[in-house]
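Step one of this worksheet: look at the structure below.
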Amino acid sequence: MAVVVTNLDHLVKKIDPARYQDRVEKIDKMIREGTGAGSDFLGWVDHPVNYDKEELALIKEKAQYVRDNYEALVVCGIGGSYLGARAAIEAINGVFNHDKVEMIWLGMNLDPCYLSQVLDYLKTKKFAVNVISKSGTTTETAIAFRLVKDLLEKRDGKEAARKAIFATTDKEKGALLTLAKKEGYTTFVLPSNIGGRFSVQTAVGLFPIACAGIDPQEILEGSAEARLDAMEKDIMKNEAYKYAVARHIIYAREHKNVEFFITYGPNVRQLSEWWKQLYGESEGKDGKSLLPSSATFTTDLHSLGQYIQDGSSVFFETVLHFVNHRHDVTIGHDDDNLDGLNYLEGKTVSYVQEKAYEGTLAAHSIDGHRSNIVLDVEKMSAHNLGYLFYFFEIACAMSAYLNGVNPFDQPGVEVYKKNMFHLLGKPGF
């Protein structure tokens with residue numbers, strides 16, 4: 001099977017994406033030729049094949065240096081500056097893993113309790129820092145970086161701190177680049193023509209991913225395969241565009257306003273968070289678009305299950321379904337059988353989860369009359385995850401243009417910042 005197969009067999013109302021063939025071809029041409037709104041931020045489209053080979057070599061070299069010399073990597077970033085890397089690392093390594101380098105995420109909130117506890121934890125750890133910001137002035141990230149930089153310099157000295165800090169930022173300008181040059185930090189580039197939420201295949205995602213012991217080349221190769229598959233002209237064979245059109249039809253014609261992105265298992269929960277930012281920030285404009293939400297089954301079937309089955313019908317579900325699993329556990333025999341589970345003796349947990357998936361899919365789509373788009377993936381791997389990243393990115397661009405909005409700006413995000421700066425007394429606000 002293809003890396004991702006878009007299965008539309010579980011929709012309440014059957015749809016025909018082929019009716020959008022001409023419109024999709026026009027938008028695809030607009031994306032490829034850069035003639036649509038936001039075309040200054042289309043660098044991600046061809047990045048999986050025209051990425052900087054020398055920088056990738058530097059990423060691998062410095063990541064190995066981190067793995068050889070530090071116990072932890074503190075990633076300072078918010079939104080697209082950390083979500084993709086965290087999604088990849090947890091999806092591939094798992095949430096509960098024993099990799100030699102612990103990943104610590106900072107700079108994505110302003111919670112004083114969280115910051116205080118992380119800083120206290122780091123006092124006894126030998127750690128490196130990857131600060132990720134195009135400008136270097138993003139409030140949440142800048143505060144976190146100032147604090148960990150201060151901790152490093154006071155504890156280990158300026159020279160040791162210089163070797164431990166890696167900056168991913170704009171190639172030519174910005175406060176972070178100025179600081180990195182002044183202090184002599186190793187720098188990686190966040191290309192000026194790639195927005196943060198489309199940047200996981202750049203150094204933004206690849207350096208932390210490599211520090212976690214995952215080959216960044218495999219992520220890029222998976223994305224390159226997805227790029228090639230997205231060039232398929234027949235919409236019924238183009239799985240990414242089929243997904244984009246299906247969700248657009250359900251939104252525009254069936255007036256469903258919420259898309260639940262459903263995953264099975266905590267290791268892909270952060271992929272949901274990355275997906276929510278990608279679609280929410282790209283499409284949520286001009287009073288339009290689906291609200292991207294998420295749930296993790298079977299966990300959330302014990303909290304949201306009743307609502308999803310019998311509540312308001314304002315939503316549909318997109319289910320990310322992995323056919324096979326890299327790890328498994330077999331259920332054993334118990335003489336007392338007080339839990340009544342001996343009927344599952346010899347069965348694997350993956351078998352039980354698959355039956356839960358099948359039962360839930362039937363309950364929601366047939367009994368509950370909730371449309372379900374199923375995205376079938378053979379298994380999780382670095383290659384397949386790279387494919388998924390690009391699959392969702394190109395589908396997002398298509399979907400946003402179908403809605404008539406610019407996928408690559410985020411004017412609404414600036415409003416809270418201006419209000420916050422004014423209240424804080426920042427000069428100029």
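Ligands are numbered from 1 in the order shown, chains are lettered A, B, ... in the order of the structure tokens, and residues start at 1 in each chain.
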Sel. of strand (DSSP E or B) residues, region 289-366 of chain A, as a compact mmCIF listing (two decimals) with N, CA and C atoms, in the first residue's frame:
```txt
# COMPACT_ATOMS: atom_id res chain seq x y z
N LEU A 291 -12.67 24.03 12.96
CA LEU A 291 -11.92 24.08 14.20
C LEU A 291 -11.18 22.76 14.34
N PRO A 292 -9.84 22.76 14.34
CA PRO A 292 -9.10 21.50 14.50
C PRO A 292 -9.02 21.11 15.97
N SER A 293 -9.58 19.97 16.29
CA SER A 293 -9.54 19.44 17.65
C SER A 293 -8.93 18.05 17.60
N SER A 294 -8.73 17.45 18.76
CA SER A 294 -8.11 16.12 18.75
C SER A 294 -8.56 15.31 19.95
N ALA A 295 -8.39 14.01 19.83
CA ALA A 295 -8.67 13.10 20.92
C ALA A 295 -7.78 11.88 20.76
N THR A 296 -7.43 11.27 21.89
CA THR A 296 -6.62 10.05 21.88
C THR A 296 -7.48 8.90 22.37
N PHE A 297 -7.71 7.94 21.50
CA PHE A 297 -8.50 6.76 21.86
C PHE A 297 -7.53 5.63 22.23
N PHE A 315 -19.40 17.93 14.14
CA PHE A 315 -18.05 17.51 13.81
C PHE A 315 -18.02 16.27 12.93
N PHE A 316 -16.82 16.00 12.39
CA PHE A 316 -16.50 14.70 11.81
C PHE A 316 -15.15 14.30 12.36
N GLU A 317 -14.75 13.07 12.12
CA GLU A 317 -13.49 12.55 12.65
C GLU A 317 -12.53 12.17 11.52
N THR A 318 -11.26 12.47 11.74
CA THR A 318 -10.19 11.96 10.88
C THR A 318 -9.32 11.07 11.75
N VAL A 319 -9.26 9.80 11.40
CA VAL A 319 -8.59 8.80 12.25
C VAL A 319 -7.25 8.41 11.62
N LEU A 320 -6.18 8.60 12.38
CA LEU A 320 -4.87 8.14 11.95
C LEU A 320 -4.69 6.71 12.45
N HIS A 321 -4.65 5.76 11.51
CA HIS A 321 -4.68 4.34 11.86
C HIS A 321 -3.41 3.65 11.38
N PHE A 322 -2.63 3.15 12.33
CA PHE A 322 -1.43 2.39 11.99
C PHE A 322 -1.79 0.91 11.96
N THR A 330 2.03 -9.55 24.91
CA THR A 330 1.08 -10.67 24.86
C THR A 330 0.41 -10.84 26.23
N THR A 348 -2.39 -10.50 21.60
CA THR A 348 -1.53 -9.34 21.81
C THR A 348 -2.39 -8.11 22.13
```
task = Please identify all polymer residues within 8 Å of region 236-242 of chain A, counting only C-alpha atoms, omitting same-chain residues fewer than 5 positions from it, and present them as a ChimeraX atom specification.
result = /A:4-6,17-18,24,229-231,391-392,394-395,398
With C-alpha atoms retained, could you export that selection as a PDB file, in the first residue's frame?
```pdb
ATOM      1  CA  VAL A   4      -0.815   6.930   3.511  1.00  0.00           C
ATOM      2  CA  VAL A   5      -4.160   5.788   2.103  1.00  0.00           C
ATOM      3  CA  THR A   6      -7.145   8.116   2.471  1.00  0.00           C
ATOM      4  CA  PRO A  17     -13.760  14.253  -4.767  1.00  0.00           C
ATOM      5  CA  ALA A  18     -13.288  13.813  -8.524  1.00  0.00           C
ATOM      6  CA  VAL A  24      -7.583  21.174  -7.530  1.00  0.00           C
ATOM      7  CA  ASP A 229       3.152  11.413  -4.679  1.00  0.00           C
ATOM      8  CA  ALA A 230       1.456  14.813  -4.314  1.00  0.00           C
ATOM      9  CA  MET A 231       2.321  15.543  -7.939  1.00  0.00           C
ATOM     10  CA  PHE A 391       1.211  14.899   3.445  1.00  0.00           C
ATOM     11  CA  PHE A 392      -0.491  17.149   5.994  1.00  0.00           C
ATOM     12  CA  ILE A 394       0.463  19.977   1.164  1.00  0.00           C
ATOM     13  CA  ALA A 395      -3.107  18.978   2.076  1.00  0.00           C
ATOM     14  CA  MET A 398      -4.774  22.895  -0.781  1.00  0.00           C
TER      15      MET A 398
END
```
key: Residue with smallest distance to Asp300 (chain A) - pool A:Gly174, A:Gly79, A:Gly184, A:Pro266, counting only C-alpha atoms   =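 Of A:Gly174, A:Gly79, A:Gly184, A:Pro266, the one nearest Asp300 (chain A), counting only C-alpha atoms, is A:Pro266.
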request  = Would you kindly return, as a VMD selection string, each protein, DNA or RNA residue with an atom no farther than 12 Å from any atom of Arg146 (chain A), considering only C-alpha atoms and excluding same-chain residues fewer than 6 positions away?
outcome  = chain A and resid 76 106 to 107 115 119 129 131 136 to 140 152 to 153 165 176 179
Output file for the residues above (N, CA and C atoms, as a compact mmCIF listing (two decimals), in the first residue's frame):
```txt
# COMPACT_ATOMS: atom_id res chain seq x y z
N CYS A 76 14.27 25.33 23.40
CA CYS A 76 13.49 26.54 23.69
C CYS A 76 12.79 26.99 22.41
N LEU A 106 11.01 23.78 26.64
CA LEU A 106 10.89 25.03 27.38
C LEU A 106 10.58 26.16 26.39
N GLY A 107 9.99 27.24 26.90
CA GLY A 107 9.75 28.39 26.05
C GLY A 107 8.44 28.36 25.31
N LEU A 115 8.36 26.73 34.71
CA LEU A 115 9.70 27.27 34.50
C LEU A 115 10.60 27.05 35.72
N LEU A 119 13.98 24.68 35.73
CA LEU A 119 15.27 25.28 36.05
C LEU A 119 15.91 24.59 37.25
N VAL A 129 21.58 23.44 24.96
CA VAL A 129 20.38 24.22 24.65
C VAL A 129 20.27 24.43 23.15
N VAL A 131 18.01 26.89 21.05
CA VAL A 131 17.02 27.96 21.05
C VAL A 131 16.59 28.20 19.61
N GLY A 136 14.16 35.95 17.52
CA GLY A 136 14.86 35.99 18.80
C GLY A 136 14.16 36.82 19.84
N THR A 137 13.00 37.36 19.49
CA THR A 137 12.27 38.22 20.43
C THR A 137 10.90 37.67 20.82
N THR A 138 10.57 36.46 20.41
CA THR A 138 9.31 35.85 20.84
C THR A 138 9.31 35.73 22.35
N THR A 139 8.33 36.33 23.00
CA THR A 139 8.38 36.54 24.45
C THR A 139 8.61 35.25 25.24
N GLU A 140 7.78 34.24 25.00
CA GLU A 140 7.87 33.00 25.78
C GLU A 140 9.24 32.35 25.63
N LEU A 152 23.41 28.39 32.78
CA LEU A 152 24.61 27.77 32.21
C LEU A 152 25.84 28.61 32.47
N GLU A 153 25.76 29.91 32.20
CA GLU A 153 26.93 30.77 32.30
C GLU A 153 27.41 30.89 33.75
N ILE A 165 25.37 25.88 23.54
CA ILE A 165 24.19 26.56 23.00
C ILE A 165 24.21 26.52 21.48
N LEU A 176 18.40 37.14 17.71
CA LEU A 176 19.06 35.89 18.06
C LEU A 176 20.32 35.68 17.22
N LEU A 179 23.05 37.89 18.64
CA LEU A 179 23.60 37.31 19.86
C LEU A 179 24.49 36.11 19.54
```
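Between CA of Ala161 (chain A) and CA of Thr186 (chain A) the separation is 11.5 Å.
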Need to verify the contact set: region 210-227 of chain A, 7 Å, only C-alpha atoms, exclusion of same-chain residues closer than 4 positions in sequence. Can you return it as a PDB file with N, CA, C and O atoms, in the first residue's frame?
```pdb
ATOM      1  N   PRO A  48      12.293  19.234   0.738  1.00  0.00           N
ATOM      2  CA  PRO A  48      12.772  17.853   0.933  1.00  0.00           C
ATOM      3  C   PRO A  48      13.758  17.373  -0.121  1.00  0.00           C
ATOM      4  O   PRO A  48      14.447  16.368   0.089  1.00  0.00           O
ATOM      5  N   VAL A  49      13.837  18.078  -1.251  1.00  0.00           N
ATOM      6  CA  VAL A  49      14.797  17.663  -2.283  1.00  0.00           C
ATOM      7  C   VAL A  49      15.884  18.696  -2.535  1.00  0.00           C
ATOM      8  O   VAL A  49      16.942  18.358  -3.091  1.00  0.00           O
ATOM      9  N   LYS A  60      24.049  16.690  11.745  1.00  0.00           N
ATOM     10  CA  LYS A  60      24.425  15.352  12.215  1.00  0.00           C
ATOM     11  C   LYS A  60      25.671  15.404  13.097  1.00  0.00           C
ATOM     12  O   LYS A  60      25.749  14.735  14.132  1.00  0.00           O
ATOM     13  N   ALA A  63      24.789  17.129  16.445  1.00  0.00           N
ATOM     14  CA  ALA A  63      23.892  16.266  17.215  1.00  0.00           C
ATOM     15  C   ALA A  63      24.682  15.152  17.887  1.00  0.00           C
ATOM     16  O   ALA A  63      24.422  14.795  19.042  1.00  0.00           O
ATOM     17  N   GLN A  64      25.649  14.599  17.181  1.00  0.00           N
ATOM     18  CA  GLN A  64      26.492  13.560  17.779  1.00  0.00           C
ATOM     19  C   GLN A  64      27.330  14.143  18.916  1.00  0.00           C
ATOM     20  O   GLN A  64      27.548  13.476  19.945  1.00  0.00           O
ATOM     21  N   VAL A  66      26.370  16.563  20.874  1.00  0.00           N
ATOM     22  CA  VAL A  66      25.445  16.655  22.003  1.00  0.00           C
ATOM     23  C   VAL A  66      25.276  15.291  22.656  1.00  0.00           C
ATOM     24  O   VAL A  66      25.318  15.152  23.883  1.00  0.00           O
ATOM     25  N   ARG A  67      25.094  14.254  21.856  1.00  0.00           N
ATOM     26  CA  ARG A  67      24.869  12.910  22.390  1.00  0.00           C
ATOM     27  C   ARG A  67      26.098  12.379  23.134  1.00  0.00           C
ATOM     28  O   ARG A  67      25.971  11.602  24.077  1.00  0.00           O
ATOM     29  N   ILE A  89       9.937  13.018  17.855  1.00  0.00           N
ATOM     30  CA  ILE A  89      10.725  12.293  18.853  1.00  0.00           C
ATOM     31  C   ILE A  89       9.841  11.359  19.674  1.00  0.00           C
ATOM     32  O   ILE A  89      10.202  10.201  19.916  1.00  0.00           O
ATOM     33  N   VAL A 101      20.027  10.845  25.761  1.00  0.00           N
ATOM     34  CA  VAL A 101      19.827  12.290  25.867  1.00  0.00           C
ATOM     35  C   VAL A 101      18.350  12.566  26.167  1.00  0.00           C
ATOM     36  O   VAL A 101      17.473  12.250  25.372  1.00  0.00           O
ATOM     37  N   GLN A 201      10.819  19.931   8.687  1.00  0.00           N
ATOM     38  CA  GLN A 201      11.833  19.262   7.864  1.00  0.00           C
ATOM     39  C   GLN A 201      13.088  20.108   7.688  1.00  0.00           C
ATOM     40  O   GLN A 201      14.006  19.706   6.982  1.00  0.00           O
ATOM     41  N   LEU A 206      14.942  19.095  12.574  1.00  0.00           N
ATOM     42  CA  LEU A 206      15.926  18.042  12.337  1.00  0.00           C
ATOM     43  C   LEU A 206      17.046  18.004  13.370  1.00  0.00           C
ATOM     44  O   LEU A 206      17.564  16.928  13.686  1.00  0.00           O
ATOM     45  N   MET A 231       2.325  15.034  -6.565  1.00  0.00           N
ATOM     46  CA  MET A 231       2.321  15.543  -7.939  1.00  0.00           C
ATOM     47  C   MET A 231       1.383  14.752  -8.838  1.00  0.00           C
ATOM     48  O   MET A 231       1.173  15.115 -10.001  1.00  0.00           O
ATOM     49  N   ALA A 382      10.621   6.631  10.951  1.00  0.00           N
ATOM     50  CA  ALA A 382      11.086   7.978  10.630  1.00  0.00           C
ATOM     51  C   ALA A 382      10.712   8.342   9.193  1.00  0.00           C
ATOM     52  O   ALA A 382      10.289   9.468   8.909  1.00  0.00           O
ATOM     53  N   HIS A 383      10.863   7.393   8.277  1.00  0.00           N
ATOM     54  CA  HIS A 383      10.505   7.637   6.885  1.00  0.00           C
ATOM     55  C   HIS A 383       9.010   7.953   6.758  1.00  0.00           C
ATOM     56  O   HIS A 383       8.624   8.933   6.112  1.00  0.00           O
ATOM     57  N   ASN A 384       8.181   7.119   7.365  1.00  0.00           N
ATOM     58  CA  ASN A 384       6.737   7.313   7.246  1.00  0.00           C
ATOM     59  C   ASN A 384       6.270   8.576   7.956  1.00  0.00           C
ATOM     60  O   ASN A 384       5.309   9.227   7.525  1.00  0.00           O
ATOM     61  N   LEU A 385       6.953   8.947   9.035  1.00  0.00           N
ATOM     62  CA  LEU A 385       6.588  10.185   9.710  1.00  0.00           C
ATOM     63  C   LEU A 385       6.952  11.387   8.852  1.00  0.00           C
ATOM     64  O   LEU A 385       6.182  12.353   8.762  1.00  0.00           O
ATOM     65  N   GLY A 386       8.110  11.337   8.193  1.00  0.00           N
ATOM     66  CA  GLY A 386       8.462  12.404   7.259  1.00  0.00           C
ATOM     67  C   GLY A 386       7.429  12.524   6.156  1.00  0.00           C
ATOM     68  O   GLY A 386       7.073  13.635   5.729  1.00  0.00           O
ATOM     69  N   TYR A 387       6.937  11.379   5.707  1.00  0.00           N
ATOM     70  CA  TYR A 387       5.873  11.376   4.693  1.00  0.00           C
ATOM     71  C   TYR A 387       4.619  12.046   5.245  1.00  0.00           C
ATOM     72  O   TYR A 387       4.001  12.887   4.573  1.00  0.00           O
ATOM     73  N   PHE A 389       4.308  14.259   7.653  1.00  0.00           N
ATOM     74  CA  PHE A 389       4.486  15.699   7.794  1.00  0.00           C
ATOM     75  C   PHE A 389       4.178  16.406   6.479  1.00  0.00           C
ATOM     76  O   PHE A 389       3.415  17.378   6.438  1.00  0.00           O
ATOM     77  N   TYR A 390       4.782  15.925   5.400  1.00  0.00           N
ATOM     78  CA  TYR A 390       4.569  16.590   4.104  1.00  0.00           C
ATOM     79  C   TYR A 390       3.136  16.381   3.612  1.00  0.00           C
ATOM     80  O   TYR A 390       2.528  17.301   3.043  1.00  0.00           O
ATOM     81  N   PHE A 391       2.598  15.204   3.817  1.00  0.00           N
ATOM     82  CA  PHE A 391       1.211  14.899   3.445  1.00  0.00           C
ATOM     83  C   PHE A 391       0.257  15.930   4.037  1.00  0.00           C
ATOM     84  O   PHE A 391      -0.581  16.507   3.339  1.00  0.00           O
TER      85      PHE A 391
END
```
key: region 268-279 of chain A surroundings by only C-alpha atoms, 6 Å radius, close-in-sequence under 2 positions cut, as a VMD selection string   = chain A and resid 83 to 84 87 91 197 266 281 to 283 292
key: Which of region 14-147 of chain A DSSP labels alpha helix (DSSP H), written as a PyMOL selection string   = chain A and resi 21-33+47-50+53-69+83-93+112-122+139-147
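The closest residue to Lys53 (chain A), picked from A:Ala203, A:Val377, A:Val329, A:Leu402 and counting only C-alpha atoms, is A:Ala203.
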task = Would you mind telling me which residue in A:Ile331, A:Cys113, A:Ala142, A:Leu42 lies nearest to Asn193 (chain A) when using only C-alpha atoms?
result =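 Under the stated criterion, the closest residue is A:Leu42.
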